[in-house]
Structure formats: structure tokens, C-alpha cells
Amino acid sequence: MRFSLLALWLLLLVPPLYVMASAKDPFRLPKLLLCEWLALASLVPLCWRLRHPEVVVAGAVVRWRDLWRPLAPRAVLPLLAVATVGLATTRHPFHVQQALADLWIGALCLAGWSLALPRQRLEGLLRGLLWPAGLLALLGTLQFFGLQPFQFAVNATQHGARFELTATAGNPGDLAAYLVLPCLIAQAMLAGWGSGGVPDPNPGKRRSLRLALVLGVLVLSLSVLVLTQTLAALAALAAGSVVFWIGALPRRRVFETLRFAAAGALVAAVLVLAVGPLRHRAAEKAGQALHGDWNAALSGRLDGWLAALWMLEQHPWAGVGQGAYRAEFVPAKLALRDRGVAFHSGQQQNFVNAHDELLEVAADCGLPGLLALGWGLWMLAQALRAAGRGSRPAGRAPRGMPPVHPGRAAAGNGGSQPPLRGNLLPQLRRLGRPALRGGGPAVPEVVRALAWGGTAALGVLCLTDFPFRVALVAYPALLFLAWVFRRGAPEAGS
């Protein structure tokens with residue numbers, strides 16, 4: 001287990017900062033190779049323990065036949081089977097072989113991490129994402145002020161201040177997508193997530209340091225995310241934040257929740273108006289949408305989406321093969337042009353990905369792939385529902401039991417936070433108190449809200465981008481989903 005944790009910490013900390021400035025592709029490919037090797041290394045101890053008919057996983061005795069019962073293996077196996085069968089029907093076996101290796105490694109990580117690691121370990125790893133996120137945000141801030149710590153050959157071919165804010169991600173879109181999940185985790189930590197555990201022997205000295213670190217990472221990450229002008233990532237963070245705070249704030253305080261949503265909308269408007277480049281970009285996109293030029297407003301994404309639909313039309317049952325979208329895009333574009341379809345005249349002339357995970361699965365694996373993906377999403381929804389049932393708010397009694405007074409529930413639960421009352425500002429202060437203490441249990445509503453908020457943010461990214469095909473974004477997302485599936489499973493000993 002220690003070797004697995006070491007490999008996972010290296011997976012979180014090293015690839016975001018690792019680049020090969022002399023390579024032709026110094027960003028995505030080296031990070032992908034490094035992530036896959038470290039991810040496989042983290043699974044070696046679990047595979048070694050599975051050589052026995054009965055093993056102890058996360059404190060419980062598990063047999064081989066029991067590995068199908070958890071939600072994560074059941075979620076990924078149908079899609080793996082459909083994608084693997086596509087190797088026999090595709091016209092691009094080389095592309096499919098490479099993509100299948102990546103898909104199998106990611107699926108094994110999702111299933112293995114959710115099976116082998118307890119919730120506390122997964123939560124600690126997720127909170128550890130704030131360290132590399134803070135470093136990348138700091139590098140992006142230095143680049144914004146004209147200080148370039150690295151000299152990449154790719155920067156010479158790119159123009160505009162937006163493309164200079166890449167940190168070590170190599171692309172402003174990749175950097176912005178990577179910062180979405182840490183921003184949500186920082187909000188959850190300020191709301192009390194991760195405050196439980198071992199009591200802090202000296203909470204007074206650590207209080208301000210903890211608050212400063214979390215707030216600093218959140219402010220830096222949000223600032224760099226805004227400066228990248230990546231609207232898809234901003235929309236994902238906004239959606240995830242709204243879902244998170246709706247779940248974290250008391251449900252019965254509807255007006256306070258609406259006021260918080262209005263305050264969040266006001267902050268977003270101020271950010272758009274205050275940052276000149278973002279304001280111009282948002283105004284340009286809004287003008288294009290008002291004039292009916294939706295393809296320009298979507299930065300040419302309609303080209304990729306239409307090509308994916310054409311591939312599904314031509315290969316409805318087998319698809320073009322996992323990862324073969326890039327090889328089929330040009331034939332799809334030529335065929336659509338013959339039909340009179342107008343393509344975006346901007347810089348993006350060729351699509352390696354469909355910029356939509358759902359449509360790319362449809363193009364790669366056909367209708368069976370869509371059904372398998374739908375099954376996986378249904379399993380994820382079951383995990384989210386189970387996680388919500390497993391974290392019952394204080395003061396809410398099960399059926400058949402008398403209601404518990406919030407104050408008594410707090411007193412009998414080791415000092416956990418009672419339901420919030422009063423105005424919005426005292427509510428937020430009370431939510432943030434556990435983050436400043438060393439002891440005390442975490443707020444259950446915050447844990448459930450983070451699961452739903454992070455899933456909503458990843459969903460928005462999947463509809464407008466390809467986060468699971470970029471290693472920098474994919475492996476933190478897989479770790480988060482493994483935690484969600486683990487939250488939906490009964491914890492040993494509880």
C-alpha cells in the first residue's frame with residue numbers, strides 16, 4: 001500500500017511540472033507516458049495481492065468473483081469490451097491499438113483505485129492536487145507579467161498574450177481545464193472538507209497558515225483561469241461551483257441560497273468586466289451568437305461535432321475504431337463539404353478530437369459504445385446517490401426515529417457543525433470554521449456537494465472539450481471519480 005501511495009503522489013506532483021523542452025511535442029505526449037507508467041506502478045501491489053483466491057482490499061476480505069460487485073468495474077467493463085471488439089473491424093489498427101492501451105490503463109486505474117484505496121486516502125490525494133495547481137498557477141502568473149521561466153520552441157509559432165499563459169501545460173486550454181477541479185477542492189476545503197481526523201495539538205499557529213494556503217491557491221488558480229480566457233473551463237467551474245454551494249448550504253434556507261447564487265453571478269460579471277481580454281472575448285462570442293454564426297461562437301467546434309455525426313452515420317454499429325477519429329476527420333470533412341456544409345474559416349482546420357467526449361465515443365464505437373457509455377454514467381449516478389445517502393445531514397433522523405435537535409446532534413457528534421442559520425455571511429463563516437481547526441469531523445453536506453459539483457464540472461468539460469484524452473486533466477479526474485465510486489461503496493468497518 002505504501003508503494004501505491006508513493007506512486008500516486010508522484011502521479012499527482014511530477015507530470016504537471018514535467019516537460020521536455022527539446023522534444024517536438026514537449027507537453028501532452030511526455031506527460032501521458034509518465035502518467036501511465038506511474039499509474040501502472042500504483043496498481044502493481046494490488047495485482048500482486050490478487051494472486052491469492054481471497055485478498056484483503058480496503059480492510060475487507062474480497063474474492064475474485066466479488067470484484068464485479070462494486071460499481072466502478074461494472075461501469076467501465078462494457079465500454080472496454082465494445083472498444084476492444086472494434087479492433088477487429090477498424091480500418092486504422094495502429095491508431096486503435098494506441099488508443100486501446102490508453103483506455104485500458106485509465107479504466108484499470110479507475111476500478112483499481114476505487115477498490116483498493118480507502119476513502120481517507122483518496123481524499124488526501126485529492127487535497128494534494130492543490131500543490132501542483134498552485135505551482136502551475138504561480139508560473140502562469142509570472143508569464144502574465146512577462147517573466148517566462150522556460151523557453152519552449154512551440155511559443156515561437158504562437159501569437160497573442162493568451163497563448164503565453166500555459167505554465168508547463170503547453171496549451172492555455174489544458175491549463176484551464178486542469179485548474180477546474182483544484183478550484184472546487186479549494187472551495188470544499190474552505191467549507192470544512194478535510195478538517196476531520198487527528199486533532200491538531202497547536203491549532204492556533206496553523207489556523208492562519210491553512211487559510212492562507214487554500215485561499216492563495218484558489219485566488220491564483222481562478223486568476224490564471226480567467227486570464228487564459230478559456231470559456232469552456234470557466235463554464236465548467238461556474239456549473240460545478242453552483243452545484244457545490246447549492247448542496248453545501250442548507251436546503252431549507254432557499255432565500256440564502258438564492259442570494260448566494262446572485263452574489264456568485266455578480267462576481268462572475270465583475271470578473272468578465274474587469275479583465276479586458278476576457279471582456280473582449282466574451283463580447284466577440286456573444287456578437288457572433290447574436291448574428292447566428294454559432295460555429296464561430298463555438299470556436300469551430302461544430303466542425304468536429306458534424307464530423308463525428310457523419311462517422312456515426314457511416315459506421316453506426318462498429319464505429320471507426322477507438323482513437324481513429326483523427327484519421328477519419330478529413331474524409332468526413334470532404335464528404336460534408338460535398339453536401340454543401342460550410343466549415344469554420346478560422347485557424348482550426350483539422351480536428352484531432354471531436355471536442356465532445358459523447359460524440360467522440362459515438363464516432364469511435366458506434367451505437368454500442370453509446371449504450372456502454374450510458375451504462376457507465378448510470379453506474380456513476382448510482383454512486384452519487386449512494387454517496388448522498390451515506391452522508392446524512394445532522395439533525396435529520398431516519399424513518400421511524402424521532403428528529404434530533406441540531407444542537408444535541410452537534411454535541412453528541414464530537415462538535416460537528418450544526419445546520420447554518422442567520423444571514424449569508426455568518427453562514428459562510430461557520431462553514432469555514434472546520435477548515436481553520438485541526439480537529440473535528442468534516443461537514444457531511446460538503447462531502448456530498450463536492451461529489452456532485454465535481455461531477456457536474458467534469459460533465460460540462462466533456463460536452464465542450466476532451467478532458468479524458470489529455471493526461472494532465474484525465475488522471476486527476478479519474479482519481480476524483482474513483483473517490484466518488486468509493487463514496488458510493490460501504491466502507492469496511494463502518
# chains A, B, ... in the order shown; residues from 1 in each chain; ligands from 1

$ residues_around --residues "stretch 360-364 of chain A" --least-positions-apart "4" --cutoff "7 Å" --atoms "only C-alpha atoms" --output "PyMOL selection string"
chain A and resi 308-309+311-312+319-325+354+356+369-370

$ atom_distance --atom1 "atom CA of A:Ala41" --atom2 "atom CA of A:Ala101"
15.2 Å

$ atom_distance --atom1 "atom CA of A:Pro15" --atom2 "atom CA of A:Leu461"
20.8 Å

$ atom_distance --atom1 "atom CA of A:Trp104" --atom2 "atom CA of A:Pro78"
11.9 Å

$ residues_around --residues "A:Asn350" --least-positions-apart "6" --cutoff "10 Å" --atoms "only C-alpha atoms" --output "ChimeraX atom specification"
/A:303-304,326,329-330,333

$ write_last_selection --atoms "all heavy atoms" --output "tab-separated table (two decimals), in the first residue's frame"
chain	number	residue	atom	x	y	z
A	303	ASP	N	-17.58	21.94	-36.45
A	303	ASP	CA	-16.89	21.13	-37.45
A	303	ASP	C	-16.60	19.74	-36.89
A	303	ASP	O	-16.85	18.72	-37.55
A	303	ASP	CB	-15.58	21.80	-37.87
A	303	ASP	CG	-15.81	23.14	-38.55
A	303	ASP	OD1	-16.98	23.46	-38.82
A	303	ASP	OD2	-14.83	23.86	-38.78
A	304	GLY	N	-16.07	19.71	-35.70
A	304	GLY	CA	-15.77	18.42	-35.08
A	304	GLY	C	-17.02	17.62	-34.74
A	304	GLY	O	-17.04	16.40	-34.89
A	326	ARG	N	-9.21	10.94	-35.50
A	326	ARG	CA	-8.28	11.85	-36.17
A	326	ARG	C	-8.00	11.40	-37.60
A	326	ARG	O	-7.80	12.23	-38.49
A	326	ARG	CB	-6.97	11.94	-35.38
A	326	ARG	CG	-6.20	10.63	-35.28
A	326	ARG	CD	-4.87	10.82	-34.57
A	326	ARG	NE	-5.07	11.18	-33.19
A	326	ARG	CZ	-4.08	11.60	-32.38
A	326	ARG	NH1	-2.86	11.72	-32.86
A	326	ARG	NH2	-4.33	11.88	-31.14
A	329	PHE	N	-11.24	12.24	-39.83
A	329	PHE	CA	-11.80	13.59	-39.87
A	329	PHE	C	-11.75	14.19	-41.28
A	329	PHE	O	-12.74	14.77	-41.75
A	329	PHE	CB	-11.08	14.51	-38.88
A	329	PHE	CG	-11.56	15.93	-38.95
A	329	PHE	CD1	-12.75	16.30	-38.36
A	329	PHE	CD2	-10.84	16.91	-39.63
A	329	PHE	CE1	-13.22	17.61	-38.43
A	329	PHE	CE2	-11.28	18.21	-39.70
A	329	PHE	CZ	-12.48	18.56	-39.10
A	330	VAL	N	-10.63	14.07	-41.95
A	330	VAL	CA	-10.51	14.65	-43.28
A	330	VAL	C	-11.49	14.02	-44.27
A	330	VAL	O	-12.17	14.75	-45.02
A	330	VAL	CB	-9.05	14.55	-43.78
A	330	VAL	CG1	-8.96	15.00	-45.24
A	330	VAL	CG2	-8.13	15.41	-42.92
A	333	LYS	N	-14.80	15.50	-43.46
A	333	LYS	CA	-14.90	16.91	-43.83
A	333	LYS	C	-15.13	17.06	-45.34
A	333	LYS	O	-15.96	17.86	-45.78
A	333	LYS	CB	-13.62	17.64	-43.40
A	333	LYS	CG	-13.63	19.13	-43.66
A	333	LYS	CD	-12.37	19.77	-43.10
A	333	LYS	CE	-12.38	21.28	-43.32
A	333	LYS	NZ	-11.17	21.92	-42.74

$ closest_residue --among "A:Val96, A:Leu40, A:Ala289, A:Leu117" --to "A:Ala482" --atoms "only C-alpha atoms"
A:Leu117

$ residues_around --residues "A:Gln143" --least-positions-apart "2" --cutoff "10 Å" --atoms "only C-alpha atoms" --output "VMD selection string"
chain A and resid 137 to 141 145 to 150 161 164 to 167 224

$ residues_around --residues "A:Leu218" --least-positions-apart "5" --cutoff "12 Å" --atoms "only C-alpha atoms" --output "list in words"
Leu129, Leu130, Trp131, Ala133, Gly134, Leu135, Ala137, Leu138, Leu179, Val180, Leu181, Pro182, Cys183, Leu184, Ile185, Ala186, Gln187, Ala188, Met189, Leu190, Leu211, Ala212, Leu213, Ser223, Val224, Leu225 and Leu237 of chain A
